[in-house]
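The file coords37.txt comes next; it holds compact mmCIF, C-alpha atoms and all ligand atoms.
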```txt
# COMPACT_ATOMS: atom_id res chain seq x y z
CA MET A 283 -56.76 108.85 13.19
CA SER A 284 -56.65 112.49 12.14
CA SER A 285 -52.90 112.26 11.66
CA ASN A 286 -53.56 110.27 8.50
CA LEU A 287 -55.20 113.26 6.86
CA ARG A 288 -51.95 114.88 5.85
CA PHE A 289 -48.39 113.79 6.11
CA VAL A 290 -44.86 114.42 5.08
CA GLN A 291 -43.31 111.45 3.36
CA ILE A 292 -39.56 111.22 3.79
CA ASN A 293 -37.65 109.11 1.34
CA LEU A 294 -34.63 107.89 3.28
CA ALA A 295 -33.23 106.27 0.15
CA ALA A 296 -32.89 109.74 -1.37
CA ILE A 297 -31.03 110.99 1.71
CA ALA A 298 -28.65 108.02 1.54
CA ALA A 299 -28.10 108.61 -2.19
CA ASN A 300 -27.36 112.30 -1.56
CA VAL A 301 -24.75 111.46 1.08
CA LYS A 302 -23.13 109.02 -1.34
CA THR A 303 -23.21 111.61 -4.11
CA ILE A 304 -21.34 114.13 -1.99
CA LYS A 305 -18.87 111.51 -0.83
CA HIS A 306 -17.98 110.94 -4.48
CA ARG A 307 -17.32 114.67 -4.90
CA THR A 308 -15.02 115.16 -1.93
CA THR A 309 -12.12 113.65 -0.06
CA ALA A 310 -13.23 115.31 3.18
CA ASP A 311 -15.23 113.61 5.91
CA VAL A 312 -18.94 114.31 5.58
CA LEU A 313 -20.73 115.86 8.54
CA ALA A 314 -24.48 115.49 8.19
CA VAL A 315 -26.20 118.64 9.44
CA VAL A 316 -29.28 117.50 11.35
CA LYS A 317 -30.26 120.67 13.22
CA ALA A 318 -33.90 121.76 13.38
CA ASP A 319 -35.14 118.17 13.40
CA ALA A 320 -33.03 117.43 10.34
CA TYR A 321 -34.52 120.38 8.43
CA GLY A 322 -37.96 119.06 9.32
CA HIS A 323 -37.19 115.55 8.02
CA GLY A 324 -36.82 113.92 11.47
CA ILE A 325 -33.49 113.92 13.27
CA ILE A 326 -33.16 110.27 14.30
CA PRO A 327 -34.09 108.48 11.05
CA VAL A 328 -32.08 110.99 9.02
CA ALA A 329 -29.02 110.71 11.27
CA ARG A 330 -29.09 106.90 11.10
CA THR A 331 -29.51 106.94 7.33
CA ALA A 332 -26.71 109.47 6.82
CA ILE A 333 -24.28 107.46 8.93
CA GLN A 334 -25.13 104.26 7.14
CA ALA A 335 -24.53 106.02 3.82
CA GLY A 336 -21.08 107.18 4.87
CA ALA A 337 -21.38 110.37 6.91
CA SER A 338 -18.90 110.15 9.78
CA TRP A 339 -19.93 113.24 11.76
CA LEU A 340 -23.19 114.82 12.83
CA GLY A 341 -23.79 118.50 13.47
CA THR A 342 -26.55 120.24 15.38
CA ALA A 343 -27.22 123.80 16.39
CA LEU A 344 -28.61 123.17 19.89
CA LEU A 345 -27.07 121.02 22.56
CA GLU A 346 -30.44 119.38 23.20
CA GLU A 347 -30.45 118.18 19.59
CA ALA A 348 -27.10 116.47 20.09
CA VAL A 349 -28.37 115.01 23.37
CA GLN A 350 -31.34 113.60 21.48
CA LEU A 351 -28.96 111.78 19.13
CA ARG A 352 -27.00 110.27 22.02
CA LYS A 353 -30.19 109.22 23.83
CA ALA A 354 -31.15 107.34 20.67
CA GLY A 355 -27.86 105.45 20.88
CA ILE A 356 -26.13 107.32 18.04
CA GLU A 357 -22.44 107.50 18.93
CA VAL A 358 -20.59 109.06 15.96
CA PRO A 359 -18.64 112.28 16.61
CA THR A 360 -21.20 115.05 16.99
CA ILE A 361 -20.74 118.81 17.21
CA ALA A 362 -23.27 121.19 18.77
CA TRP A 363 -22.34 124.67 17.54
CA LEU A 364 -24.85 126.95 19.20
CA THR A 365 -24.20 126.52 22.90
CA PRO A 366 -24.24 129.77 24.88
CA PRO A 367 -22.86 130.22 28.39
CA GLY A 368 -25.31 128.63 30.81
CA ASP A 369 -25.84 125.49 28.73
CA ASP A 370 -25.49 122.14 30.49
CA PHE A 371 -21.88 121.52 29.49
CA GLU A 372 -21.46 118.72 32.05
CA ALA A 373 -24.21 116.77 30.28
CA ALA A 374 -22.51 117.48 26.94
CA LEU A 375 -19.18 116.10 28.15
CA LYS A 376 -20.75 113.03 29.72
CA LEU A 377 -22.38 112.26 26.38
CA ASN A 378 -19.15 112.84 24.45
CA ILE A 379 -20.56 115.77 22.47
CA ASP A 380 -18.06 118.11 20.81
CA LEU A 381 -18.69 121.78 21.52
CA SER A 382 -18.08 124.79 19.38
CA VAL A 383 -16.38 127.63 21.22
CA SER A 384 -16.58 131.30 20.37
CA SER A 385 -15.64 133.17 23.54
CA ILE A 386 -13.50 133.02 26.67
CA VAL A 387 -16.60 133.13 28.91
CA GLN A 388 -18.05 130.11 27.20
CA LEU A 389 -14.76 128.21 27.17
CA SER A 390 -14.25 128.84 30.88
CA GLU A 391 -17.66 127.30 31.62
CA ILE A 392 -16.80 124.32 29.46
CA LEU A 393 -13.49 123.93 31.31
CA ASP A 394 -15.33 124.07 34.65
CA ALA A 395 -17.59 121.29 33.42
CA GLY A 396 -14.44 119.42 32.41
CA SER A 397 -12.91 119.62 35.85
CA LYS A 398 -16.21 118.69 37.55
CA THR A 399 -16.73 115.62 35.40
CA GLY A 400 -13.09 114.65 34.94
CA ILE A 401 -13.71 114.57 31.18
CA LYS A 402 -11.47 116.55 28.84
CA PRO A 403 -13.71 118.75 26.65
CA ARG A 404 -13.47 118.34 22.87
CA ILE A 405 -13.82 121.77 21.28
CA HIS A 406 -14.06 123.28 17.80
CA ILE A 407 -13.04 126.92 17.73
CA GLU A 408 -15.31 129.06 15.57
CA VAL A 409 -13.70 132.10 13.98
CA ASP A 410 -15.60 134.91 12.30
CA THR A 411 -14.03 135.39 8.88
CA GLY A 412 -16.75 137.60 7.45
CA MET A 413 -20.19 136.37 8.38
CA ARG A 414 -20.33 138.67 11.44
CA ARG A 415 -22.64 136.30 13.26
CA GLY A 416 -21.08 133.69 15.56
CA GLY A 417 -17.37 133.13 16.06
CA ILE A 418 -14.37 134.92 17.52
CA LEU A 419 -13.27 138.05 15.69
CA ASN A 420 -9.69 139.24 15.44
CA THR A 421 -10.52 142.84 16.22
CA TYR A 422 -10.44 144.50 19.67
CA ASN A 423 -7.99 141.81 20.89
CA ASP A 424 -10.73 139.19 21.18
CA TRP A 425 -8.72 136.64 19.22
CA SER A 426 -5.34 137.32 20.82
CA ASP A 427 -6.90 137.26 24.30
CA PHE A 428 -8.63 134.02 23.45
CA LEU A 429 -5.38 132.46 22.23
CA LEU A 430 -3.56 133.43 25.43
CA TYR A 431 -6.38 132.03 27.55
CA LEU A 432 -6.48 128.81 25.54
CA GLN A 433 -2.71 128.39 25.78
CA SER A 434 -2.90 128.71 29.56
CA LYS A 435 -5.50 125.93 29.67
CA GLN A 436 -4.22 123.67 26.95
CA GLU A 437 -3.68 120.57 29.08
CA HIS A 438 -7.36 120.68 30.04
CA VAL A 439 -8.90 120.81 26.61
CA HIS A 440 -8.71 118.91 23.35
CA VAL A 441 -8.68 121.31 20.40
CA VAL A 442 -10.43 119.06 17.91
CA GLY A 443 -11.37 121.59 15.27
CA LEU A 444 -11.10 125.08 13.84
CA TRP A 445 -13.96 126.27 11.71
CA THR A 446 -15.79 129.15 10.11
CA HIS A 447 -19.00 129.70 8.18
CA PHE A 448 -19.47 131.36 4.78
CA ALA A 449 -21.98 134.16 4.29
CA ARG A 450 -22.24 134.04 0.51
CA ALA A 451 -21.14 130.61 -0.67
CA ASP A 452 -24.28 130.36 -2.80
CA GLU A 453 -23.07 133.28 -4.94
CA PRO A 454 -20.38 131.78 -7.17
CA ASN A 455 -19.59 135.14 -8.77
CA THR A 456 -18.46 136.95 -5.67
CA GLN A 457 -14.95 136.92 -4.23
CA CYS A 458 -16.36 136.96 -0.70
CA THR A 459 -15.88 133.26 -0.06
CA GLN A 460 -12.28 133.41 -1.24
CA GLU A 461 -11.72 136.41 1.01
CA GLN A 462 -13.18 134.52 3.97
CA LEU A 463 -10.86 131.62 3.17
CA ASN A 464 -7.87 133.96 3.13
CA VAL A 465 -8.84 135.39 6.50
CA PHE A 466 -9.36 131.85 7.78
CA GLU A 467 -5.80 130.87 6.81
CA GLN A 468 -4.54 133.69 8.99
CA TYR A 469 -6.45 132.46 12.04
CA SER A 470 -5.33 128.95 11.28
CA SER A 471 -1.63 129.83 11.17
CA GLU A 472 -1.89 131.93 14.33
CA LEU A 473 -3.45 128.98 16.12
CA GLN A 474 -0.64 126.74 14.86
CA ASP A 475 1.97 129.30 15.96
CA ALA A 476 0.40 129.22 19.42
CA GLY A 477 1.11 125.49 19.47
CA LEU A 478 -2.55 124.57 19.22
CA ALA A 479 -2.88 122.81 15.89
CA PRO A 480 -6.41 121.41 15.54
CA GLU A 481 -7.02 117.92 14.26
CA PHE A 482 -9.80 118.98 11.88
CA ILE A 483 -10.56 122.04 9.77
CA HIS A 484 -14.06 122.66 8.44
CA VAL A 485 -15.43 125.59 6.49
CA CYS A 486 -17.79 124.35 3.76
CA ASN A 487 -21.58 124.25 3.85
CA SER A 488 -23.51 122.61 1.00
CA ALA A 489 -23.08 125.51 -1.42
CA ALA A 490 -19.32 125.67 -0.89
CA THR A 491 -18.97 121.89 -1.05
CA LEU A 492 -20.90 121.75 -4.32
CA THR A 493 -19.19 124.68 -6.01
CA ARG A 494 -15.63 124.90 -4.70
CA ASP A 495 -12.54 122.88 -5.44
CA VAL A 496 -11.89 119.85 -3.25
CA SER A 497 -8.80 121.59 -1.87
CA ASP A 498 -11.15 124.08 -0.18
CA HIS A 499 -13.15 121.29 1.45
CA LYS A 500 -10.51 120.89 4.20
CA SER A 501 -11.00 117.91 6.50
CA ILE A 502 -14.77 117.95 7.01
CA VAL A 503 -17.64 119.38 4.98
CA ARG A 504 -20.82 120.35 6.82
CA PHE A 505 -23.49 119.12 4.44
CA GLY A 506 -27.01 120.35 5.15
CA ILE A 507 -29.55 121.35 2.52
CA GLY A 508 -27.89 119.24 -0.19
CA MET A 509 -28.37 116.10 1.87
CA TYR A 510 -32.10 116.78 1.76
CA GLY A 511 -31.86 116.96 -2.03
CA LEU A 512 -32.41 120.69 -2.28
CA SER A 513 -30.34 123.38 -3.92
CA PRO A 514 -28.71 126.01 -1.68
CA ASP A 515 -30.06 128.52 -4.18
CA ARG A 516 -31.89 127.39 -7.30
CA GLY A 517 -31.63 130.81 -8.91
CA MET A 518 -27.86 131.05 -8.46
CA LEU A 519 -26.72 127.44 -8.63
CA GLY A 520 -29.50 125.67 -10.48
CA ASP A 521 -31.82 122.87 -9.52
CA ALA A 522 -30.40 120.32 -7.07
CA THR A 523 -31.17 117.38 -9.34
CA ASP A 524 -30.22 118.93 -12.70
CA SER A 525 -27.04 120.61 -11.46
CA PHE A 526 -25.80 118.23 -8.79
CA GLY A 527 -27.65 114.93 -9.12
CA LEU A 528 -29.24 115.33 -5.69
CA ARG A 529 -32.76 114.06 -5.00
CA PRO A 530 -35.38 115.77 -2.85
CA ALA A 531 -36.39 113.61 0.09
CA MET A 532 -39.54 115.35 1.28
CA GLN A 533 -43.01 115.08 -0.15
CA LEU A 534 -46.01 116.78 1.43
CA LYS A 535 -49.48 115.32 0.97
CA ALA A 536 -52.94 116.15 2.25
CA LYS A 537 -56.44 114.84 1.78
CA VAL A 538 -59.14 116.53 -0.24
CA VAL A 539 -62.18 117.14 1.98
CA GLN A 540 -64.61 118.29 -0.64
CA VAL A 541 -64.93 118.83 -4.39
CA LYS A 542 -67.63 121.11 -5.74
CA LYS A 543 -68.70 123.07 -8.79
CA VAL A 544 -68.47 126.84 -8.33
CA SER A 545 -69.69 129.47 -10.75
CA LYS A 546 -67.84 132.29 -12.43
CA GLY A 547 -67.77 135.52 -10.40
CA SER A 548 -67.49 133.75 -7.02
CA ALA A 549 -65.02 135.28 -4.58
CA VAL A 550 -63.05 132.52 -2.89
CA GLY A 551 -61.80 132.48 0.69
CA TYR A 552 -61.15 135.10 3.35
CA GLY A 553 -61.18 138.61 1.97
CA GLY A 554 -62.60 137.34 -1.32
CA THR A 555 -59.20 138.05 -2.77
CA GLN A 556 -59.65 135.90 -5.84
CA VAL A 557 -62.74 136.04 -8.03
CA LEU A 558 -63.30 133.11 -10.40
CA LYS A 559 -63.12 134.11 -14.06
CA GLU A 560 -64.87 130.96 -15.24
CA ASP A 561 -67.10 128.25 -13.83
CA THR A 562 -64.83 125.69 -12.29
CA HIS A 563 -64.46 122.92 -9.73
CA LEU A 564 -62.77 123.69 -6.44
CA GLY A 565 -61.07 121.17 -4.22
CA VAL A 566 -60.72 121.89 -0.50
CA VAL A 567 -57.44 120.45 0.79
CA MET A 568 -56.73 119.84 4.47
CA LEU A 569 -53.63 121.87 4.99
CA GLY A 570 -53.19 125.46 6.06
CA TYR A 571 -50.87 127.97 7.62
CA SER A 572 -51.01 126.26 10.99
CA ASP A 573 -49.38 123.30 9.24
CA GLY A 574 -46.60 125.50 7.91
CA ILE A 575 -48.00 126.52 4.52
CA PRO A 576 -47.16 130.24 4.26
CA ARG A 577 -50.29 132.39 4.25
CA HIS A 578 -48.90 134.59 1.50
CA ALA A 579 -48.58 131.72 -0.99
CA THR A 580 -49.98 132.67 -4.39
CA SER A 581 -51.68 130.82 -7.23
CA ALA A 582 -48.25 130.38 -8.81
CA VAL A 583 -48.33 127.17 -6.76
CA GLY A 584 -50.92 124.72 -5.51
CA VAL A 585 -51.20 120.96 -5.39
CA SER A 586 -51.08 118.17 -7.95
CA PHE A 587 -52.87 114.90 -8.58
CA ASN A 588 -50.79 112.35 -10.50
CA GLY A 589 -48.78 115.22 -11.91
CA VAL A 590 -51.77 117.33 -12.93
CA LYS A 591 -51.53 120.73 -11.30
CA ALA A 592 -54.37 122.39 -9.41
CA PRO A 593 -53.35 125.96 -8.50
CA LEU A 594 -54.21 127.60 -5.21
CA VAL A 595 -57.30 129.82 -5.25
CA GLY A 596 -57.70 132.64 -2.72
CA ARG A 597 -56.02 132.89 0.64
CA VAL A 598 -54.48 130.10 2.64
CA SER A 599 -56.64 129.48 5.75
CA MET A 600 -55.49 128.10 9.08
CA ASP A 601 -56.30 124.47 8.28
CA GLN A 602 -57.26 124.40 4.63
CA ILE A 603 -56.67 125.69 1.13
CA SER A 604 -58.83 125.74 -1.99
CA VAL A 605 -57.44 124.64 -5.32
CA ASP A 606 -58.71 124.93 -8.88
CA LEU A 607 -59.53 121.54 -10.41
CA GLY A 608 -60.71 123.02 -13.71
CA ALA A 609 -63.96 123.29 -15.61
CA ALA A 610 -64.17 119.70 -16.83
CA THR A 611 -65.71 117.19 -14.43
CA PRO A 612 -62.73 116.31 -12.23
CA THR A 613 -61.50 112.81 -11.62
CA VAL A 614 -60.34 113.97 -8.19
CA LYS A 615 -62.82 113.20 -5.42
CA ALA A 616 -63.12 113.88 -1.70
CA GLY A 617 -60.82 111.52 0.17
CA ASP A 618 -58.08 111.55 -2.49
CA PHE A 619 -54.60 112.73 -1.55
CA ALA A 620 -53.22 115.89 -3.10
CA THR A 621 -49.46 116.25 -3.46
CA VAL A 622 -48.55 119.69 -2.22
CA PHE A 623 -44.87 119.55 -3.08
CA GLY A 624 -42.02 117.20 -3.71
CA GLY A 625 -43.69 114.70 -5.99
CA VAL A 626 -41.54 113.41 -8.83
CA ASP A 627 -44.29 113.44 -11.39
CA GLY A 628 -44.49 117.03 -12.60
CA GLY A 629 -46.28 118.72 -9.72
CA TYR A 630 -44.91 121.63 -7.74
CA SER A 631 -41.45 121.43 -6.22
CA ILE A 632 -40.37 122.77 -2.84
CA ASP A 633 -38.50 125.50 -4.73
CA ASP A 634 -41.67 126.41 -6.66
CA TRP A 635 -43.43 126.87 -3.32
CA ALA A 636 -40.50 128.77 -1.84
CA ASN A 637 -40.42 131.17 -4.81
CA ALA A 638 -44.16 131.74 -4.68
CA CYS A 639 -43.89 132.54 -0.96
CA LYS A 640 -40.82 134.77 -1.39
CA THR A 641 -38.77 132.54 0.85
CA ILE A 642 -36.19 129.76 0.50
CA ASN A 643 -36.55 125.98 0.50
CA TYR A 644 -34.73 125.86 3.88
CA GLU A 645 -37.54 127.80 5.53
CA LEU A 646 -40.33 125.80 3.94
CA VAL A 647 -39.07 122.38 5.01
CA THR A 648 -38.21 123.48 8.54
CA ARG A 649 -41.55 125.18 9.16
CA ILE A 650 -43.82 122.22 8.46
CA ALA A 651 -45.64 121.80 11.76
CA ARG A 652 -45.07 118.93 14.15
CA ARG A 653 -48.72 117.96 13.86
CA VAL A 654 -48.09 116.89 10.28
CA ARG A 655 -47.00 113.30 10.65
CA ARG A 656 -43.68 112.11 9.19
CA VAL A 657 -43.88 108.85 7.27
CA TYR A 658 -40.67 107.12 6.25
CA SER A 659 -39.93 104.99 3.26
CA GLU A 660 -36.76 103.35 2.05
CA GLU A 661 -38.28 103.05 -1.39
CA GLU A 662 -38.09 105.33 -4.38
CA MET A 663 -40.95 107.82 -4.39
CA ASP A 664 -43.41 107.21 -7.16
CA GLY A 665 -45.71 110.12 -6.54
CA ALA A 666 -48.46 107.85 -5.26
CA GLY A 667 -49.88 107.90 -1.75
CA VAL A 668 -48.49 105.46 0.76
CA LEU A 669 -51.52 105.24 2.99
C1 LIG B 1 -26.87 125.04 8.88
C2 LIG B 1 -25.39 125.05 8.84
C3 LIG B 1 -24.69 124.36 7.84
C4 LIG B 1 -25.36 123.69 6.69
O1 LIG B 1 -25.71 124.64 5.73
P1 LIG B 1 -26.37 124.17 4.36
O2 LIG B 1 -26.44 125.40 3.55
O3 LIG B 1 -27.72 123.65 4.72
O4 LIG B 1 -25.50 123.12 3.82
C5 LIG B 1 -23.32 124.31 7.93
N1 LIG B 1 -22.67 124.92 8.93
C6 LIG B 1 -23.30 125.61 9.88
C7 LIG B 1 -22.53 126.27 10.95
C8 LIG B 1 -24.68 125.72 9.87
O5 LIG B 1 -25.32 126.39 10.83
```
Translate this structure into structure tokens?
Amino acid sequence: MSSNLRFVQINLAAIAANVKTIKHRTTADVLAVVKADAYGHGIIPVARTAIQAGASWLGTALLEEAVQLRKAGIEVPTIAWLTPPGDDFEAALKLNIDLSVSSIVQLSEILDAGSKTGIKPRIHIEVDTGMRRGGILNTYNDWSDFLLYLQSKQEHVHVVGLWTHFARADEPNTQCTQEQLNVFEQYSSELQDAGLAPEFIHVCNSAATLTRDVSDHKSIVRFGIGMYGLSPDRGMLGDATDSFGLRPAMQLKAKVVQVKKVSKGSAVGYGGTQVLKEDTHLGVVMLGYSDGIPRHATSAVGVSFNGVKAPLVGRVSMDQISVDLGAATPTVKAGDFATVFGGVDGGYSIDDWANACKTINYELVTRIARRVRRVYSEEEMDGAGVL
């Protein structure tokens, strides 16, 4: 089967350990963020693992992601926070999915769905405290109008939560997060004054949870990238393992198709962008940009074999890359597995790849293509192939 030629290995034990680690650092409930197929790790196995390890909430962006959890029989409280007007709110209510609300239009549709189904909607009000993306803003009367509307409908809705999202929680030296918290307190007290005290307050993403005092964690922390064992920002906050004791869960591996000796002066790959300075051995690895490897990756990264690095040579192709195995006769042979990232034995990390591609670890893990099979293990990763 061609699907055995490259795969992402997900270490569920690492995900469980990361949930436990965060539970030790907070008194808040832990909401496991499993949007975007659990950051590419696979929504159902990750959700089950997180719950077993102590997460008591799940969070998704899309409603269909929350529906997927329910269809798999996962029943813990679940919030879908990116649900525009027009979404199937009746289906959401029937499946007991909490909805985030950020406008009157949206809330009125949710209330309609409530009266049609006879189910009282459970909502989390999102307020915009500085991100200027989603959420209700207290300018131009949006917030006061919303409060009046909500008050008039309060018997028909269960205000479960009030929440906001930080724009710069990964920058510990800015006051922005504190300012957002101050603005949040204002919204919170106005909601209370309107007689609509929510049961839960949640503001922290991974960066805020890892860097801010427990008193800022409120009742729930929304834990995303940290659960996958990655740092919200390695440059700003340090490596996830060194700084926070978190362990990466994803390892990407692909087979070597061919190994051959190539002479000095050869131009490798499309555009001949890299000319070999010495005679060397090249390995052709079965993974390319159609699998999610960014085309603009550089030779600052590559693959590894038992911890020995083989840097990328030339451009990333659609389905393959070439790597430098060195001048000495290589021990690597066609059919061996290369570790692209995430091994624990001294190869390249996801952050190394992200840096080399001028992106962030979040983007790398979520862009690995569906055609790359996910393989799950409960065991510690040892850097060796599992197939
Ligand atoms: C993605 C997301 C999170 C998780 O962010 P991390 O930085 O991955 O922890 C939390 N809250 C909201 C609203 C999100 O969209």
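The point (-64.3, 129.2, -12.4) has these residues within 8 Å of it when only C-alpha atoms are used: Val544, Ser545, Lys546, Gly547, Ser548, Leu558, Lys559, Glu560, Asp561, Thr562, His563, Asp606, Gly608 and Ala609 of chain A.
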Requested in this report: Residues within 8 Å of ligand LIG 1 (chain B) should be enumerated using only C-alpha atoms and all ligand atoms and returned as a PyMOL selection string.
Outcome: chain A and resi 315+317+341-343+363+446-447+485-489+504-509+514+644
Query - Residue with smallest distance to Lys615 in chain A - pool A:Val539, A:Val439, A:Ala354, A:Ile502, counting all atoms listed in the file - result: A:Val539
Give, as JSON, the centre coordinates and the x, y and z edge lengths in Å to one decimal for an axis-aligned box around all listed atoms of range 626-634 of chain A, padded by 3 Å on each side.
```
{"center_x": -42.4, "center_y": 119.9, "center_z": -7.7, "size_x": 13.8, "size_y": 19.0, "size_z": 15.8}
```
Report task. May I ask for the distance between CA of Ala476 in chain A and CA of Tyr431 in chain A, given in Å to one decimal place? Result ->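 Computed distance, CA of Ala476 in chain A to CA of Tyr431 in chain A, equals 11.0 Å.
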Query - Exercise: Asn300 in chain A partners within 12 Å, all atoms listed in the file, chain neighbours under 5 positions left out, as a ChimeraX atom specification - result: /A:293-295,305-307,312,314,328,331-333,335-337,488,492,505-513,522-523,526-531
Output for the residues just chosen: C-alpha atoms as a PDB file, in the coordinates of the input:
```pdb
ATOM      1  CA  ASN A 293     -37.650 109.110   1.340  1.00  0.00           C
ATOM      2  CA  LEU A 294     -34.630 107.890   3.280  1.00  0.00           C
ATOM      3  CA  ALA A 295     -33.230 106.270   0.150  1.00  0.00           C
ATOM      4  CA  LYS A 305     -18.870 111.510  -0.830  1.00  0.00           C
ATOM      5  CA  HIS A 306     -17.980 110.940  -4.480  1.00  0.00           C
ATOM      6  CA  ARG A 307     -17.320 114.670  -4.900  1.00  0.00           C
ATOM      7  CA  VAL A 312     -18.940 114.310   5.580  1.00  0.00           C
ATOM      8  CA  ALA A 314     -24.480 115.490   8.190  1.00  0.00           C
ATOM      9  CA  VAL A 328     -32.080 110.990   9.020  1.00  0.00           C
ATOM     10  CA  THR A 331     -29.510 106.940   7.330  1.00  0.00           C
ATOM     11  CA  ALA A 332     -26.710 109.470   6.820  1.00  0.00           C
ATOM     12  CA  ILE A 333     -24.280 107.460   8.930  1.00  0.00           C
ATOM     13  CA  ALA A 335     -24.530 106.020   3.820  1.00  0.00           C
ATOM     14  CA  GLY A 336     -21.080 107.180   4.870  1.00  0.00           C
ATOM     15  CA  ALA A 337     -21.380 110.370   6.910  1.00  0.00           C
ATOM     16  CA  SER A 488     -23.510 122.610   1.000  1.00  0.00           C
ATOM     17  CA  LEU A 492     -20.900 121.750  -4.320  1.00  0.00           C
ATOM     18  CA  PHE A 505     -23.490 119.120   4.440  1.00  0.00           C
ATOM     19  CA  GLY A 506     -27.010 120.350   5.150  1.00  0.00           C
ATOM     20  CA  ILE A 507     -29.550 121.350   2.520  1.00  0.00           C
ATOM     21  CA  GLY A 508     -27.890 119.240  -0.190  1.00  0.00           C
ATOM     22  CA  MET A 509     -28.370 116.100   1.870  1.00  0.00           C
ATOM     23  CA  TYR A 510     -32.100 116.780   1.760  1.00  0.00           C
ATOM     24  CA  GLY A 511     -31.860 116.960  -2.030  1.00  0.00           C
ATOM     25  CA  LEU A 512     -32.410 120.690  -2.280  1.00  0.00           C
ATOM     26  CA  SER A 513     -30.340 123.380  -3.920  1.00  0.00           C
ATOM     27  CA  ALA A 522     -30.400 120.320  -7.070  1.00  0.00           C
ATOM     28  CA  THR A 523     -31.170 117.380  -9.340  1.00  0.00           C
ATOM     29  CA  PHE A 526     -25.800 118.230  -8.790  1.00  0.00           C
ATOM     30  CA  GLY A 527     -27.650 114.930  -9.120  1.00  0.00           C
ATOM     31  CA  LEU A 528     -29.240 115.330  -5.690  1.00  0.00           C
ATOM     32  CA  ARG A 529     -32.760 114.060  -5.000  1.00  0.00           C
ATOM     33  CA  PRO A 530     -35.380 115.770  -2.850  1.00  0.00           C
ATOM     34  CA  ALA A 531     -36.390 113.610   0.090  1.00  0.00           C
TER      35      ALA A 531
END
```
Report summary line: Correct to one decimal, the distance CA of Asn637 in chain A-CA of Arg655 in chain A is 24.5 Å
Requested in this report: For each of A:Thr456, A:Ala582, A:Ala610, A:His484, take the minimum atom-to-atom distance to Ser497 in chain A, counting all atoms listed in the file, then give the residue where this is smallest.
Outcome: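 Among the listed residues, the smallest separation from Ser497 in chain A belongs to A:His484.
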Query raised in the report: What separation in Å, quoted to one decimal, exists between CA of Asp634 in chain A and CA of His578 in chain A?
Result: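 Computed distance, CA of Asp634 in chain A to CA of His578 in chain A, equals 13.6 Å.
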Report task. Dig up all the protein and nucleic acid residues within 8 Å of (-19.0, 119.4, 16.0) in the file frame, using all atoms listed in the file, and format them as a PyMOL selection string. Result -> chain A and resi 339-342+359-363+379-382+405-406+443
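In terms of minimum interatomic distance to Ser599 in chain A, A:Leu569 ranks closest within A:Leu569, A:Ala620, A:Ala395, A:Val290, counting only C-alpha atoms.
Remark: for Val538 in chain A, the closest of the candidate residues A:Thr309, A:Ser385, A:Thr621, A:Thr365 is A:Thr621 (distances computed over only C-alpha atoms).
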Report task. Can you pull out every residue within 12 Å of Arg414 in chain A, counting only C-alpha atoms, but drop anything in the same chain fewer than 6 positions away, and send it as a list of chain:residue names? Result ->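 What passes the distance filter is A:Glu408, A:Asn420, A:Thr421, A:Thr446, A:His447, A:Phe448, A:Ala449, A:Gln462.
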At the level of N, CA and C atoms, write range 532-541 of chain A to a file as a short mmCIF file (atom, residue, chain, number, x, y, z; two decimals), in the first residue's frame, please.
```
data_model
loop_
_atom_site.label_atom_id
_atom_site.label_comp_id
_atom_site.auth_asym_id
_atom_site.auth_seq_id
_atom_site.Cartn_x
_atom_site.Cartn_y
_atom_site.Cartn_z
N MET A 532 4.14 14.77 17.42
CA MET A 532 4.12 14.41 16.00
C MET A 532 5.51 14.17 15.43
N GLN A 533 5.61 13.07 14.72
CA GLN A 533 6.85 12.74 14.02
C GLN A 533 6.48 12.45 12.57
N LEU A 534 7.24 13.00 11.64
CA LEU A 534 6.95 12.80 10.22
C LEU A 534 8.06 11.97 9.60
N LYS A 535 7.66 10.89 8.92
CA LYS A 535 8.66 9.99 8.33
C LYS A 535 8.32 9.69 6.89
N ALA A 536 9.35 9.44 6.09
CA ALA A 536 9.10 9.09 4.69
C ALA A 536 10.23 8.19 4.20
N LYS A 537 9.88 7.36 3.23
CA LYS A 537 10.86 6.40 2.70
C LYS A 537 11.85 7.04 1.75
N VAL A 538 13.03 6.49 1.74
CA VAL A 538 14.04 6.87 0.75
C VAL A 538 13.80 5.99 -0.48
N VAL A 539 13.69 6.64 -1.64
CA VAL A 539 13.44 5.89 -2.88
C VAL A 539 14.74 5.43 -3.51
N GLN A 540 15.74 6.30 -3.41
CA GLN A 540 16.98 6.03 -4.13
C GLN A 540 18.14 6.71 -3.41
N VAL A 541 19.30 6.05 -3.46
CA VAL A 541 20.54 6.67 -2.96
C VAL A 541 21.55 6.59 -4.10
#
```
